[in-house]
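Working notes for the structure below.
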Amino acid sequence: MMISPMPCVVCGKSLEPVFRYEVERSTGLGDYRQPAQANTLFGHGTYGSEVFDPLDGSAIRVNICDDCLGRAMENGTAEIAQP
Ligand SMILES: [Zn+2]
């Protein structure tokens, strides 16, 4: 069964899978939910959220398209966190 990536969390644009072929998926490297021209971001929740802060190790997954992420990085609503 083919499951498509979730759409962009910001603009709602549909996203295509980066791995399109069964041989890629069968290697274990090709997660069919991984989007092309987008990022998949995981968050474990943070203290202060009243929507998602489960404290059980689970994570929320969102996709953000390259257009929206690029715009956010340019306007300062997203930043790179250094390790
Ligand atoms: Zn978007």
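Note on naming: chains are A, B, ... as they come in the structure tokens, residues start from 1 per chain, ligands start from 1 in the order shown.
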At a cut-off of 9 Å around ligand 1, and using only C-alpha atoms and all ligand atoms, what residues come up? Please write them as a PDB file with C-alpha atoms, in the first residue's frame.
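Generated output (selection_10.pdb):
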ATOM      1  CA  PRO A   7       1.193  17.968   2.912  1.00  0.00           C
ATOM      2  CA  CYS A   8       3.177  21.046   3.990  1.00  0.00           C
ATOM      3  CA  VAL A   9       2.135  22.082   7.502  1.00  0.00           C
ATOM      4  CA  VAL A  10       2.289  25.777   6.538  1.00  0.00           C
ATOM      5  CA  CYS A  11       0.742  26.132   3.075  1.00  0.00           C
ATOM      6  CA  GLY A  12      -0.996  22.778   2.668  1.00  0.00           C
ATOM      7  CA  LYS A  13       0.744  21.999  -0.615  1.00  0.00           C
ATOM      8  CA  SER A  14       0.688  18.323  -1.563  1.00  0.00           C
ATOM      9  CA  ALA A  38      10.635  19.481   1.659  1.00  0.00           C
ATOM     10  CA  ASN A  63       6.492  18.284   6.673  1.00  0.00           C
ATOM     11  CA  ILE A  64       7.391  21.777   5.534  1.00  0.00           C
ATOM     12  CA  CYS A  65       8.010  22.490   1.870  1.00  0.00           C
ATOM     13  CA  ASP A  66      11.241  24.117   0.728  1.00  0.00           C
ATOM     14  CA  ASP A  67       9.392  27.289  -0.327  1.00  0.00           C
ATOM     15  CA  CYS A  68       7.897  27.802   3.140  1.00  0.00           C
ATOM     16  CA  LEU A  69      11.077  26.849   5.007  1.00  0.00           C
TER      17      LEU A  69
END
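When DSSP is run on the backbone, the residues of chain A that fall into strand (DSSP E or B) are Cys8, Pro17, Pro35, Ala38, Asn39, Thr40, Leu41, Phe42, Gly43, Ile60, Arg61, Val62, Asn63, Ile64 and Cys65 of chain A.
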Grab the residues selected above and save them as a PDB file, in the first residue's frame with C-alpha atoms.
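Done, and the output landed in selection_18.pdb:
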ATOM      1  CA  CYS A   8       3.177  21.046   3.990  1.00  0.00           C
ATOM      2  CA  PRO A  17       7.523  11.108  -2.139  1.00  0.00           C
ATOM      3  CA  PRO A  35       8.839  14.152   0.842  1.00  0.00           C
ATOM      4  CA  ALA A  38      10.635  19.481   1.659  1.00  0.00           C
ATOM      5  CA  ASN A  39      11.847  18.601   5.144  1.00  0.00           C
ATOM      6  CA  THR A  40      10.319  16.302   7.711  1.00  0.00           C
ATOM      7  CA  LEU A  41      10.671  17.781  11.176  1.00  0.00           C
ATOM      8  CA  PHE A  42      10.170  15.916  14.457  1.00  0.00           C
ATOM      9  CA  GLY A  43       9.432  17.516  17.799  1.00  0.00           C
ATOM     10  CA  ILE A  60       5.072  14.828  16.350  1.00  0.00           C
ATOM     11  CA  ARG A  61       6.029  14.769  12.680  1.00  0.00           C
ATOM     12  CA  VAL A  62       5.386  17.588  10.215  1.00  0.00           C
ATOM     13  CA  ASN A  63       6.492  18.284   6.673  1.00  0.00           C
ATOM     14  CA  ILE A  64       7.391  21.777   5.534  1.00  0.00           C
ATOM     15  CA  CYS A  65       8.010  22.490   1.870  1.00  0.00           C
TER      16      CYS A  65
END
- Query: Taking the backbone alone, and naming residues the way the document does, which bits of chain A are alpha helix (DSSP H) by DSSP, as a VMD selection string?
  - Reply: chain A and resid 22 to 26 66 to 75
- Item | For Ala36 of chain A, the nearest of the candidates A:Gly70, A:Pro5, A:Pro83, A:Gly76, counting only C-alpha atoms |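 The shortest atom-to-atom distance to Ala36 of chain A comes from A:Pro5.
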